[in-house]
$ cat final-v1.txt   # compact mmCIF, C-alpha atoms and all ligand atoms
# COMPACT_ATOMS: atom_id res chain seq x y z
CA MET A 33 -0.11 -13.99 -20.87
CA LYS A 34 -3.00 -14.81 -18.57
CA SER A 35 -1.02 -17.59 -16.98
CA ILE A 36 1.65 -15.28 -15.52
CA PRO A 37 0.70 -14.31 -11.98
CA THR A 38 0.66 -10.57 -11.31
CA PRO A 39 2.25 -8.33 -10.33
CA TYR A 40 5.07 -8.24 -12.85
CA TYR A 41 7.18 -5.77 -14.77
CA LEU A 42 6.98 -6.49 -18.48
CA ILE A 43 9.74 -5.29 -20.79
CA ASP A 44 8.97 -5.40 -24.48
CA GLU A 45 12.10 -5.75 -26.61
CA ARG A 46 10.35 -4.53 -29.75
CA LYS A 47 9.48 -1.25 -28.07
CA LEU A 48 12.99 -1.05 -26.66
CA LEU A 49 14.42 -1.59 -30.13
CA LYS A 50 12.70 1.54 -31.44
CA ASN A 51 14.71 3.66 -28.99
CA LEU A 52 17.89 1.71 -29.60
CA LYS A 53 17.70 2.29 -33.34
CA ILE A 54 17.47 6.03 -32.74
CA ILE A 55 20.47 5.88 -30.42
CA LYS A 56 22.44 4.06 -33.08
CA ARG A 57 21.42 6.60 -35.69
CA VAL A 58 22.65 9.44 -33.49
CA ARG A 59 25.95 7.60 -33.16
CA GLU A 60 26.25 7.19 -36.93
CA LYS A 61 25.22 10.74 -37.84
CA SER A 62 26.98 12.67 -35.09
CA GLY A 63 29.78 10.42 -33.87
CA ALA A 64 28.46 10.78 -30.30
CA LYS A 65 28.69 7.56 -28.32
CA SER A 66 25.91 6.54 -25.95
CA VAL A 67 26.47 4.75 -22.66
CA LEU A 68 23.45 3.46 -20.74
CA ALA A 69 22.87 5.10 -17.34
CA LEU A 70 22.44 2.06 -15.13
CA LYS A 71 20.92 4.01 -12.27
CA CYS A 72 17.80 4.31 -14.44
CA PHE A 73 17.69 0.79 -15.79
CA SER A 74 19.79 -2.20 -14.81
CA THR A 75 17.63 -5.06 -16.04
CA TRP A 76 20.41 -7.11 -17.53
CA ALA A 77 18.15 -9.70 -19.13
CA VAL A 78 17.85 -7.34 -22.10
CA PHE A 79 21.49 -6.20 -22.20
CA PRO A 80 22.35 -8.65 -25.03
CA LEU A 81 19.98 -6.62 -27.22
CA MET A 82 21.02 -3.20 -25.90
CA ARG A 83 24.73 -3.82 -26.29
CA GLN A 84 24.29 -4.13 -30.05
CA TYR A 85 23.18 -0.50 -30.20
CA MET A 86 25.03 1.24 -27.38
CA ASP A 87 28.68 1.74 -26.49
CA GLY A 88 28.65 0.66 -22.87
CA THR A 89 27.35 1.79 -19.50
CA THR A 90 27.79 4.54 -16.98
CA SER A 91 27.25 4.19 -13.28
CA SER A 92 26.62 6.12 -10.11
CA GLY A 93 28.06 3.60 -7.70
CA VAL A 94 30.51 0.76 -7.38
CA TYR A 95 28.06 -2.12 -7.83
CA GLU A 96 26.52 -0.54 -10.89
CA ALA A 97 29.95 -0.18 -12.44
CA ARG A 98 30.62 -3.84 -11.73
CA LEU A 99 27.27 -4.84 -13.20
CA GLY A 100 28.07 -2.83 -16.31
CA HIS A 101 31.34 -4.70 -16.67
CA ASP A 102 29.89 -8.13 -15.89
CA LYS A 103 26.59 -8.00 -17.73
CA PHE A 104 26.88 -5.38 -20.46
CA GLY A 105 30.55 -5.21 -21.38
CA LYS A 106 31.99 -2.67 -23.81
CA GLU A 107 32.91 0.68 -22.21
CA VAL A 108 32.50 1.05 -18.46
CA HIS A 109 32.26 4.61 -17.14
CA ALA A 110 32.35 4.87 -13.37
CA TYR A 111 31.15 7.99 -11.63
CA SER A 112 30.24 8.51 -8.00
CA VAL A 113 29.29 11.54 -5.95
CA GLY A 114 31.57 10.18 -3.25
CA TYR A 115 34.18 7.45 -3.54
CA SER A 116 36.04 5.85 -0.68
CA ARG A 117 39.62 4.84 -1.46
CA ASP A 118 38.51 1.24 -1.50
CA ASP A 119 35.76 2.08 -4.02
CA VAL A 120 38.27 3.62 -6.41
CA GLN A 121 40.62 0.66 -6.10
CA GLN A 122 37.75 -1.74 -6.83
CA VAL A 123 36.38 0.26 -9.73
CA ALA A 124 39.86 0.66 -11.22
CA ARG A 125 39.90 -3.08 -11.84
CA PHE A 126 37.13 -2.98 -14.41
CA ALA A 127 36.25 0.58 -15.44
CA ASP A 128 37.68 2.32 -18.52
CA LYS A 129 36.84 5.81 -17.30
CA ILE A 130 36.73 7.02 -13.72
CA ILE A 131 34.92 10.29 -13.17
CA PHE A 132 35.36 12.21 -9.93
CA ASN A 133 32.80 14.61 -8.57
CA SER A 134 35.20 17.10 -7.00
CA LEU A 135 38.76 18.36 -7.10
CA SER A 136 39.36 17.02 -3.60
CA GLN A 137 38.34 13.47 -4.60
CA LEU A 138 40.42 13.72 -7.76
CA LYS A 139 43.49 14.78 -5.78
CA ALA A 140 42.95 12.21 -3.05
CA PHE A 141 42.27 9.19 -5.26
CA GLY A 142 43.42 9.97 -8.80
CA ARG A 143 46.61 8.00 -8.22
CA PHE A 144 44.58 4.82 -7.61
CA ALA A 145 43.10 5.17 -11.07
CA GLN A 146 46.43 5.06 -12.94
CA GLY A 147 46.10 3.89 -16.50
CA LYS A 148 42.40 4.80 -16.66
CA SER A 149 40.96 7.74 -18.51
CA ILE A 150 40.17 10.05 -15.60
CA GLY A 151 37.48 12.69 -15.72
CA VAL A 152 35.71 15.20 -13.51
CA ARG A 153 32.15 16.36 -13.36
CA VAL A 154 31.54 20.06 -13.97
CA ASN A 155 28.56 21.98 -12.66
CA PRO A 156 28.00 24.66 -15.30
CA GLY A 157 25.59 26.52 -13.02
CA PHE A 158 22.61 26.11 -15.36
CA SER A 159 20.32 23.22 -16.10
CA PHE A 160 16.98 22.08 -17.46
CA SER A 161 14.70 20.34 -14.98
CA HIS A 162 11.04 20.47 -14.02
CA PHE A 163 11.86 19.39 -10.48
CA ASP A 164 14.06 21.19 -7.99
CA LEU A 165 14.79 17.83 -6.35
CA ALA A 166 16.42 16.58 -9.56
CA ASP A 167 18.04 19.86 -10.61
CA PRO A 168 21.84 19.41 -10.69
CA ALA A 169 22.36 23.19 -10.68
CA ARG A 170 20.08 23.83 -7.71
CA LYS A 171 21.26 26.11 -4.95
CA PHE A 172 24.04 24.51 -2.90
CA SER A 173 24.33 21.66 -5.43
CA ARG A 174 27.18 19.32 -4.57
CA LEU A 175 27.17 17.77 -8.06
CA GLY A 176 30.36 18.66 -9.90
CA ILE A 177 33.05 21.35 -9.79
CA ARG A 178 31.63 24.85 -9.88
CA ASP A 179 34.70 26.97 -9.17
CA ASN A 180 36.84 28.03 -12.14
CA ARG A 181 40.12 28.02 -10.25
CA GLU A 182 39.44 24.45 -9.19
CA LEU A 183 38.67 23.54 -12.79
CA CYS A 184 41.99 25.02 -13.95
CA GLU A 185 43.76 22.87 -11.42
CA ALA A 186 41.80 19.78 -12.42
CA ALA A 187 42.40 20.38 -16.15
CA GLY A 188 46.00 19.19 -16.00
CA LEU A 189 45.03 15.97 -14.22
CA VAL A 190 42.15 14.70 -16.38
CA LYS A 191 41.37 13.54 -19.90
CA GLY A 192 37.63 14.21 -19.88
CA VAL A 193 34.79 16.23 -18.41
CA MET A 194 31.18 15.33 -17.72
CA PHE A 195 28.28 17.78 -17.69
CA HIS A 196 24.98 16.27 -16.58
CA PHE A 197 22.59 19.19 -16.60
CA ASN A 198 19.30 17.98 -18.10
CA CYS A 199 16.26 16.14 -16.83
CA GLU A 200 13.68 15.06 -19.45
CA ASN A 201 14.69 17.90 -21.75
CA ASP A 202 12.68 17.64 -24.98
CA ASP A 203 13.35 21.25 -26.01
CA ILE A 204 16.03 21.26 -28.72
CA LYS A 205 16.27 25.07 -28.71
CA ASN A 206 17.02 25.13 -25.02
CA LEU A 207 19.53 22.31 -25.40
CA SER A 208 21.31 23.94 -28.36
CA ALA A 209 21.60 27.22 -26.48
CA ASN A 210 22.99 25.48 -23.42
CA ILE A 211 25.48 23.39 -25.35
CA GLU A 212 26.67 26.51 -27.14
CA ARG A 213 27.02 28.14 -23.76
CA ILE A 214 29.12 25.22 -22.58
CA GLY A 215 31.32 25.67 -25.65
CA ARG A 216 31.75 29.39 -24.97
CA THR A 217 32.40 29.02 -21.27
CA TYR A 218 34.42 25.82 -21.17
CA GLY A 219 35.95 25.66 -24.65
CA TRP A 220 39.40 26.38 -23.16
CA LEU A 221 39.05 23.26 -21.02
CA ILE A 222 37.35 20.98 -23.55
CA THR A 223 40.02 21.51 -26.22
CA GLN A 224 42.51 19.97 -23.77
CA MET A 225 40.33 16.87 -23.31
CA ASP A 226 39.93 13.54 -25.14
CA TRP A 227 36.23 13.33 -24.34
CA VAL A 228 33.28 15.31 -23.07
CA SER A 229 30.01 13.89 -21.84
CA PHE A 230 26.72 15.78 -21.93
CA GLY A 231 25.16 13.37 -19.45
CA GLY A 232 21.61 12.11 -19.56
CA GLY A 233 18.18 13.67 -19.48
CA ILE A 234 18.03 14.55 -23.18
CA PHE A 235 14.77 13.16 -24.54
CA PHE A 236 15.92 12.56 -28.12
CA THR A 237 13.91 9.35 -28.60
CA LYS A 238 10.66 11.26 -28.17
CA PRO A 239 8.47 11.06 -31.30
CA GLY A 240 8.95 14.22 -33.37
CA TYR A 241 12.26 15.18 -31.79
CA ALA A 242 14.46 17.28 -34.11
CA LEU A 243 17.00 14.50 -34.49
CA GLU A 244 18.86 15.95 -37.47
CA LYS A 245 19.44 19.25 -35.69
CA PHE A 246 20.52 17.36 -32.60
CA CYS A 247 23.06 15.31 -34.56
CA ASP A 248 24.39 18.35 -36.43
CA MET A 249 24.87 20.19 -33.16
CA LEU A 250 26.77 17.31 -31.56
CA LYS A 251 28.92 16.84 -34.63
CA ARG A 252 29.74 20.53 -34.79
CA PHE A 253 30.72 20.55 -31.13
CA SER A 254 32.91 17.52 -31.57
CA ASP A 255 34.62 19.02 -34.64
CA THR A 256 35.11 22.46 -33.07
CA PHE A 257 36.82 21.13 -29.97
CA ASN A 258 38.30 17.99 -31.50
CA VAL A 259 36.78 15.85 -28.79
CA GLN A 260 34.80 12.60 -28.51
CA VAL A 261 31.25 13.38 -27.38
CA TYR A 262 29.34 11.02 -25.10
CA LEU A 263 25.69 10.88 -24.15
CA GLU A 264 24.45 9.00 -21.09
CA PRO A 265 20.81 8.15 -21.84
CA GLY A 266 18.79 6.56 -19.06
CA GLU A 267 15.06 7.16 -19.41
CA THR A 268 15.59 8.12 -23.07
CA ALA A 269 16.94 4.64 -23.84
CA ILE A 270 14.09 2.65 -22.33
CA THR A 271 11.13 5.00 -22.48
CA GLY A 272 7.86 3.30 -23.40
CA ALA A 273 9.39 -0.17 -23.16
CA GLY A 274 7.96 -1.31 -19.84
CA GLU A 275 4.68 -1.87 -18.03
CA LEU A 276 3.76 -2.87 -14.52
CA VAL A 277 0.99 -5.45 -14.88
CA THR A 278 -1.32 -5.66 -11.89
CA THR A 279 -4.62 -7.19 -10.80
CA VAL A 280 -7.38 -5.37 -8.95
CA LEU A 281 -7.85 -6.96 -5.52
CA ASP A 282 -10.71 -4.85 -4.22
CA VAL A 283 -12.81 -1.85 -5.07
CA VAL A 284 -13.78 0.36 -2.17
CA ARG A 285 -15.79 3.55 -2.07
CA ASN A 286 -15.14 6.81 -0.30
CA GLU A 287 -16.92 9.48 -2.33
CA THR A 288 -15.26 7.94 -5.41
CA ASP A 289 -14.52 4.39 -6.58
CA ILE A 290 -11.06 3.28 -5.52
CA ALA A 291 -9.53 0.19 -7.11
CA ILE A 292 -6.77 -1.38 -5.06
CA VAL A 293 -4.19 -3.25 -7.15
CA ASP A 294 -1.63 -5.86 -6.09
CA ALA A 295 1.28 -3.42 -6.39
CA SER A 296 2.28 -0.10 -4.84
CA THR A 297 3.71 3.25 -5.85
CA GLU A 298 5.98 3.34 -2.85
CA ALA A 299 7.51 -0.09 -3.42
CA HIS A 300 7.27 -0.53 -7.20
CA MET A 301 7.00 2.90 -8.88
CA LEU A 302 8.52 5.14 -6.27
CA ASP A 303 9.11 8.16 -8.48
CA HIS A 304 5.39 8.88 -8.70
CA LEU A 305 5.48 9.42 -4.98
CA ILE A 306 8.71 11.41 -4.95
CA TYR A 307 7.80 13.73 -7.81
CA ARG A 308 4.03 13.67 -7.18
CA THR A 309 3.32 12.57 -10.73
CA THR A 310 0.42 10.49 -11.99
CA ALA A 311 0.83 7.09 -13.57
CA ARG A 312 -0.12 6.40 -17.19
CA ILE A 313 -2.66 3.61 -17.55
CA VAL A 314 -2.15 1.57 -20.72
CA SER A 315 -5.09 -0.75 -20.18
CA PRO A 316 -8.02 -0.46 -19.76
CA SER A 317 -8.05 2.38 -22.28
CA GLN A 318 -9.74 5.72 -21.69
CA GLY A 319 -13.49 5.93 -21.30
CA LYS A 320 -16.20 7.18 -19.02
CA PHE A 321 -15.77 5.19 -15.81
CA LYS A 322 -14.05 7.37 -13.27
CA THR A 323 -11.84 5.46 -10.83
CA MET A 324 -8.99 6.10 -8.53
CA ILE A 325 -6.27 3.43 -8.77
CA ALA A 326 -4.33 2.89 -5.59
CA GLY A 327 -1.64 0.62 -4.24
CA ARG A 328 -1.94 -1.93 -1.48
CA SER A 329 0.68 -0.59 0.90
CA CYS A 330 -0.51 0.91 4.17
CA LEU A 331 0.63 4.38 3.08
CA ALA A 332 -2.48 6.58 2.91
CA GLY A 333 -1.19 8.42 -0.16
CA ASP A 334 -0.23 5.29 -2.12
CA VAL A 335 -2.21 6.38 -5.19
CA PHE A 336 -1.37 5.91 -8.89
CA GLY A 337 -3.94 8.52 -9.90
CA THR A 338 -7.54 9.08 -10.88
CA PHE A 339 -8.56 7.98 -14.35
CA ALA A 340 -11.57 7.73 -16.66
CA LEU A 341 -11.51 4.20 -18.08
CA ARG A 342 -13.39 2.27 -20.71
CA THR A 343 -14.43 -0.47 -18.30
CA ARG A 344 -15.50 -0.50 -14.70
CA LEU A 345 -12.76 -2.09 -12.61
CA ARG A 346 -13.70 -5.10 -10.50
CA PRO A 347 -11.71 -7.54 -8.42
CA GLY A 348 -9.79 -9.63 -10.93
CA SER A 349 -9.51 -6.85 -13.57
CA ILE A 350 -6.05 -6.45 -15.07
CA VAL A 351 -4.54 -2.95 -14.94
CA ARG A 352 -1.43 -2.26 -16.99
CA ILE A 353 0.57 0.75 -15.86
CA GLY A 354 2.88 2.34 -18.44
CA ASP A 355 6.33 3.93 -18.23
CA ALA A 356 7.42 1.24 -15.82
CA ALA A 357 10.92 0.47 -17.08
CA GLY A 358 12.99 3.42 -15.82
CA TYR A 359 13.65 4.20 -12.15
CA THR A 360 11.30 1.39 -11.06
CA MET A 361 13.10 -1.97 -10.88
CA VAL A 362 16.27 -0.22 -9.68
CA LYS A 363 14.33 1.38 -6.80
CA LYS A 364 11.90 -1.36 -5.80
CA ASN A 365 11.79 -2.31 -2.17
CA TRP A 366 10.12 -4.70 0.23
CA PHE A 367 7.97 -2.22 2.13
CA ASN A 368 5.06 -3.92 3.89
CA GLY A 369 6.47 -7.31 2.93
CA MET A 370 4.50 -7.12 -0.29
CA PRO A 371 5.23 -9.76 -2.91
CA MET A 372 7.79 -8.38 -5.35
CA PRO A 373 6.73 -8.09 -9.01
CA ALA A 374 8.42 -10.65 -11.22
CA ILE A 375 10.44 -9.48 -14.24
CA VAL A 376 9.11 -10.65 -17.57
CA VAL A 377 10.54 -9.99 -21.04
CA ARG A 378 8.74 -10.15 -24.36
CA ARG A 379 11.56 -10.99 -26.75
CA LEU A 380 11.90 -9.66 -30.28
CA ASN A 381 10.43 -12.90 -31.63
CA GLY A 382 7.37 -12.52 -29.40
CA ARG A 383 8.33 -15.20 -26.91
CA ILE A 384 7.47 -14.34 -23.31
CA GLU A 385 10.09 -15.19 -20.69
CA ILE A 386 9.78 -14.85 -16.95
CA VAL A 387 13.39 -13.88 -16.26
CA ARG A 388 13.12 -13.39 -12.51
CA ARG A 389 10.68 -14.40 -9.79
CA PHE A 390 10.93 -13.30 -6.19
CA SER A 391 9.74 -15.09 -3.10
CA TYR A 392 9.47 -14.75 0.65
CA HIS A 393 13.06 -15.96 0.85
CA ASP A 394 14.34 -12.91 -1.03
CA PHE A 395 12.51 -10.65 1.43
CA CYS A 396 14.01 -12.56 4.31
CA ALA A 397 17.52 -12.57 2.79
CA GLY A 398 17.61 -8.77 2.59
CA LEU A 399 17.36 -8.54 6.37
CA SER A 400 18.78 -10.28 9.35
C1 LIG A 501 20.70 10.33 -13.87
C2 LIG A 501 21.90 10.47 -14.72
C3 LIG A 501 21.86 10.07 -16.06
C4 LIG A 501 20.62 9.51 -16.74
O1 LIG A 501 19.58 10.45 -16.69
P1 LIG A 501 18.21 10.21 -17.46
O2 LIG A 501 17.41 11.41 -17.07
O3 LIG A 501 17.59 8.95 -16.97
O4 LIG A 501 18.51 10.16 -18.91
C5 LIG A 501 23.03 10.20 -16.81
N1 LIG A 501 24.17 10.69 -16.26
C6 LIG A 501 24.24 11.08 -14.96
C7 LIG A 501 25.51 11.59 -14.43
C8 LIG A 501 23.11 10.97 -14.16
O5 LIG A 501 23.18 11.37 -12.87

$ encode --input "final-v1.txt" --output "structure tokens"
Amino acid sequence: MKSIPTPYYLIDERKLLKNLKIIKRVREKSGAKSVLALKCFSTWAVFPLMRQYMDGTTSSGVYEARLGHDKFGKEVHAYSVGYSRDDVQQVARFADKIIFNSLSQLKAFGRFAQGKSIGVRVNPGFSFSHFDLADPARKFSRLGIRDNRELCEAAGLVKGVMFHFNCENDDIKNLSANIERIGRTYGWLITQMDWVSFGGGIFFTKPGYALEKFCDMLKRFSDTFNVQVYLEPGETAITGAGELVTTVLDVVRNETDIAIVDASTEAHMLDHLIYRTTARIVSPSQGKFKTMIAGRSCLAGDVFGTFALRTRLRPGSIVRIGDAAGYTMVKKNWFNGMPMPAIVVRRLNGRIEIVRRFSYHDFCAGLS
């Protein structure tokens, strides 16, 4: 491991497999199919493993849909908040399901999706999210059809409906209540459909999650409405499977010790900046040495957090930052012209593979 230059994202297939086995179990016990949400994780080097446990992919844009088709295979669900006509025509070449965000898009472009299983997104008006920014039922939300008259009109034109209304929901009671509420409110619609998707954001791979209850609930829903249930796990599918491995470049002092690593929140783990969350440090482990860990971009607030660690960080120390698989590689950028972390995979058999390296030329090629 020491020979791989930092920074790099490390994906561990054994850790990934733990989640995948749970996903497969949910499929077997409840009948609910799972499609990977590519907007969270699109690192196709591990798709050969993931495709053995999942039913396909879902996407938020045209290129994701194409990637799902090219690199994952199986079912391709294509959704977008806004399609152009050209988008729909492109996506119709390789997607199995095309999901529109509004009645107007459905009416304008449904005819270009002939032969596909067409769906619409519904905004049920409630949700579970710790962040207003990521709350699909927030005030003025544009995500999905809200109006019942519009839904009635859409019902005759579609074969499926998608509800994405959770964000990191680990509360089975809340989820059960909300899925029951969906059944009560939209049962009339769902009985007319071939499929219903409950979207992503359900944290059912979390240790201790009430998996049996979860499966029973999904099965009951599917039986009641005679419908195929889908889940769209993103973070849930890959949680715990990735690290960002960095090296300390400098330690400076301004009232506290500040270790500067060869990566950045803004460029490599952007969500910590967006949601103002703190990173999880995997190594060094916890101890008594208090240090702030910060990125090397010029942004003053480029900070991973303040931690108490077992060792004192010095230039050359390795810092491994956890939870680095989801919403990281799909969002990374070239801010400050910083070297881009490589992508490294630890395979099931323990072999370490550097699957992608980036260079100055990639930075240059993204601009003109
Ligand atoms: C973001 C998103 C997902 C995946 O969400 P996670 O929180 O990563 O599980 C699934 N479906 C839709 C429609 C989404 O927008």

$ residues_around --input "final-v1.txt" --residues "stretch 197-205 of chain A" --least-positions-apart "6" --cutoff "7 Å" --atoms "all atoms listed in the file" --output "list in words"
Ser159, Phe160, Ser161, Pro168, Gly231, Gly232, Gly233, Ile234, Phe235, Phe236 and Ala242 of chain A

$ residues_near_ligand --input "final-v1.txt" --ligand "ligand LIG 501 (chain A)" --cutoff "8 Å" --atoms "all atoms listed in the file" --output "ChimeraX atom specification"
/A:68-72,90-92,111,194-196,198-200,231-235,263-269,358-359

$ write_last_selection --input "final-v1.txt" --atoms "C-alpha atoms" --output "PDB file, in the coordinates of the input"
ATOM      1  CA  LEU A  68      23.450   3.460 -20.740  1.00  0.00           C
ATOM      2  CA  ALA A  69      22.870   5.100 -17.340  1.00  0.00           C
ATOM      3  CA  LEU A  70      22.440   2.060 -15.130  1.00  0.00           C
ATOM      4  CA  LYS A  71      20.920   4.010 -12.270  1.00  0.00           C
ATOM      5  CA  CYS A  72      17.800   4.310 -14.440  1.00  0.00           C
ATOM      6  CA  THR A  90      27.790   4.540 -16.980  1.00  0.00           C
ATOM      7  CA  SER A  91      27.250   4.190 -13.280  1.00  0.00           C
ATOM      8  CA  SER A  92      26.620   6.120 -10.110  1.00  0.00           C
ATOM      9  CA  TYR A 111      31.150   7.990 -11.630  1.00  0.00           C
ATOM     10  CA  MET A 194      31.180  15.330 -17.720  1.00  0.00           C
ATOM     11  CA  PHE A 195      28.280  17.780 -17.690  1.00  0.00           C
ATOM     12  CA  HIS A 196      24.980  16.270 -16.580  1.00  0.00           C
ATOM     13  CA  ASN A 198      19.300  17.980 -18.100  1.00  0.00           C
ATOM     14  CA  CYS A 199      16.260  16.140 -16.830  1.00  0.00           C
ATOM     15  CA  GLU A 200      13.680  15.060 -19.450  1.00  0.00           C
ATOM     16  CA  GLY A 231      25.160  13.370 -19.450  1.00  0.00           C
ATOM     17  CA  GLY A 232      21.610  12.110 -19.560  1.00  0.00           C
ATOM     18  CA  GLY A 233      18.180  13.670 -19.480  1.00  0.00           C
ATOM     19  CA  ILE A 234      18.030  14.550 -23.180  1.00  0.00           C
ATOM     20  CA  PHE A 235      14.770  13.160 -24.540  1.00  0.00           C
ATOM     21  CA  LEU A 263      25.690  10.880 -24.150  1.00  0.00           C
ATOM     22  CA  GLU A 264      24.450   9.000 -21.090  1.00  0.00           C
ATOM     23  CA  PRO A 265      20.810   8.150 -21.840  1.00  0.00           C
ATOM     24  CA  GLY A 266      18.790   6.560 -19.060  1.00  0.00           C
ATOM     25  CA  GLU A 267      15.060   7.160 -19.410  1.00  0.00           C
ATOM     26  CA  THR A 268      15.590   8.120 -23.070  1.00  0.00           C
ATOM     27  CA  ALA A 269      16.940   4.640 -23.840  1.00  0.00           C
ATOM     28  CA  GLY A 358      12.990   3.420 -15.820  1.00  0.00           C
ATOM     29  CA  TYR A 359      13.650   4.200 -12.150  1.00  0.00           C
TER      30      TYR A 359
END

$ residues_near_point --input "final-v1.txt" --point "(20.6, 29.8, -13.2)" --cutoff "10 Å" --atoms "only C-alpha atoms" --output "ChimeraX atom specification"
/A:156-160,169-171

$ closest_residue --input "final-v1.txt" --among "A:Leu189, A:Leu305, A:Ile211, A:Ile384" --to "A:Thr360" --atoms "all atoms listed in the file"
A:Leu305

$ atom_distance --input "final-v1.txt" --atom1 "atom CA of A:His109" --atom2 "atom CA of A:Val387"
26.4 Å

$ atom_distance --input "final-v1.txt" --atom1 "atom CA of A:Glu182" --atom2 "atom CA of A:Ser136"
9.3 Å

$ residues_around --input "final-v1.txt" --residues "A:Cys330" --least-positions-apart "2" --cutoff "12 Å" --atoms "all atoms listed in the file" --output "JSON list (two decimals) with C-alpha atoms, in the coordinates of the input"
[["chain", "number", "residue", "atom", "x", "y", "z"],
["A", 292, "ILE", "CA", -6.77, -1.38, -5.06],
["A", 295, "ALA", "CA", 1.28, -3.42, -6.39],
["A", 296, "SER", "CA", 2.28, -0.10, -4.84],
["A", 297, "THR", "CA", 3.71, 3.25, -5.85],
["A", 298, "GLU", "CA", 5.98, 3.34, -2.85],
["A", 299, "ALA", "CA", 7.51, -0.09, -3.42],
["A", 326, "ALA", "CA", -4.33, 2.89, -5.59],
["A", 327, "GLY", "CA", -1.64, 0.62, -4.24],
["A", 328, "ARG", "CA", -1.94, -1.93, -1.48],
["A", 332, "ALA", "CA", -2.48, 6.58, 2.91],
["A", 333, "GLY", "CA", -1.19, 8.42, -0.16],
["A", 334, "ASP", "CA", -0.23, 5.29, -2.12],
["A", 335, "VAL", "CA", -2.21, 6.38, -5.19],
["A", 367, "PHE", "CA", 7.97, -2.22, 2.13],
["A", 368, "ASN", "CA", 5.06, -3.92, 3.89],
["A", 369, "GLY", "CA", 6.47, -7.31, 2.93],
["A", 370, "MET", "CA", 4.50, -7.12, -0.29]]

$ closest_residue --input "final-v1.txt" --among "A:Asn206, A:Ser229, A:Gln122, A:Ser116" --to "A:Ala140" --atoms "all atoms listed in the file"
A:Ser116

$ atom_distance --input "final-v1.txt" --atom1 "atom CA of A:Ile306" --atom2 "atom CA of A:Leu281"
24.7 Å

$ closest_residue --input "final-v1.txt" --among "A:Gly274, A:Leu52, A:Arg98, A:Lys363" --to "A:Val377" --atoms "only C-alpha atoms"
A:Gly274

$ closest_residue --input "final-v1.txt" --among "A:Val94, A:Leu99, A:Ile375, A:Ile313" --to "A:Asp118" --atoms "all atoms listed in the file"
A:Val94

$ residues_around --input "final-v1.txt" --residues "A:Arg346" --least-positions-apart "3" --cutoff "7 Å" --atoms "all atoms listed in the file" --output "MDAnalysis selection string"
chainID A and resid 280 282:283 349

$ residues_around --input "final-v1.txt" --residues "A:Ser134" --least-positions-apart "3" --cutoff "7 Å" --atoms "all atoms listed in the file" --output "ChimeraX atom specification"
/A:137-138,152,176-177

$ write_last_selection --input "final-v1.txt" --atoms "C-alpha atoms" --output "PDB file, in the coordinates of the input"
ATOM      1  CA  GLN A 137      38.340  13.470  -4.600  1.00  0.00           C
ATOM      2  CA  LEU A 138      40.420  13.720  -7.760  1.00  0.00           C
ATOM      3  CA  VAL A 152      35.710  15.200 -13.510  1.00  0.00           C
ATOM      4  CA  GLY A 176      30.360  18.660  -9.900  1.00  0.00           C
ATOM      5  CA  ILE A 177      33.050  21.350  -9.790  1.00  0.00           C
TER       6      ILE A 177
END

$ residues_around --input "final-v1.txt" --residues "stretch 315-325 of chain A" --least-positions-apart "3" --cutoff "10 Å" --atoms "all atoms listed in the file" --output "compact mmCIF listing (two decimals) with C-alpha atoms, keeping the file's coordinate frame"
# COMPACT_ATOMS: atom_id res chain seq x y z
CA VAL A 277 0.99 -5.45 -14.88
CA VAL A 280 -7.38 -5.37 -8.95
CA VAL A 283 -12.81 -1.85 -5.07
CA VAL A 284 -13.78 0.36 -2.17
CA ARG A 285 -15.79 3.55 -2.07
CA THR A 288 -15.26 7.94 -5.41
CA ASP A 289 -14.52 4.39 -6.58
CA ILE A 290 -11.06 3.28 -5.52
CA ALA A 291 -9.53 0.19 -7.11
CA ILE A 292 -6.77 -1.38 -5.06
CA VAL A 293 -4.19 -3.25 -7.15
CA ALA A 311 0.83 7.09 -13.57
CA ARG A 312 -0.12 6.40 -17.19
CA ASP A 334 -0.23 5.29 -2.12
CA VAL A 335 -2.21 6.38 -5.19
CA PHE A 336 -1.37 5.91 -8.89
CA GLY A 337 -3.94 8.52 -9.90
CA THR A 338 -7.54 9.08 -10.88
CA PHE A 339 -8.56 7.98 -14.35
CA ALA A 340 -11.57 7.73 -16.66
CA LEU A 341 -11.51 4.20 -18.08
CA ARG A 342 -13.39 2.27 -20.71
CA THR A 343 -14.43 -0.47 -18.30
CA ARG A 344 -15.50 -0.50 -14.70
CA LEU A 345 -12.76 -2.09 -12.61
CA SER A 349 -9.51 -6.85 -13.57
CA ILE A 350 -6.05 -6.45 -15.07
CA VAL A 351 -4.54 -2.95 -14.94
CA ARG A 352 -1.43 -2.26 -16.99
CA ILE A 353 0.57 0.75 -15.86
CA GLY A 354 2.88 2.34 -18.44

$ closest_residue --input "final-v1.txt" --among "A:Ala77, A:Ile130, A:Val58, A:Ala186" --to "A:Glu385" --atoms "only C-alpha atoms"
A:Ala77

$ closest_residue --input "final-v1.txt" --among "A:Tyr392, A:Tyr307, A:Tyr218, A:Phe104" --to "A:Met86" --atoms "all atoms listed in the file"
A:Phe104
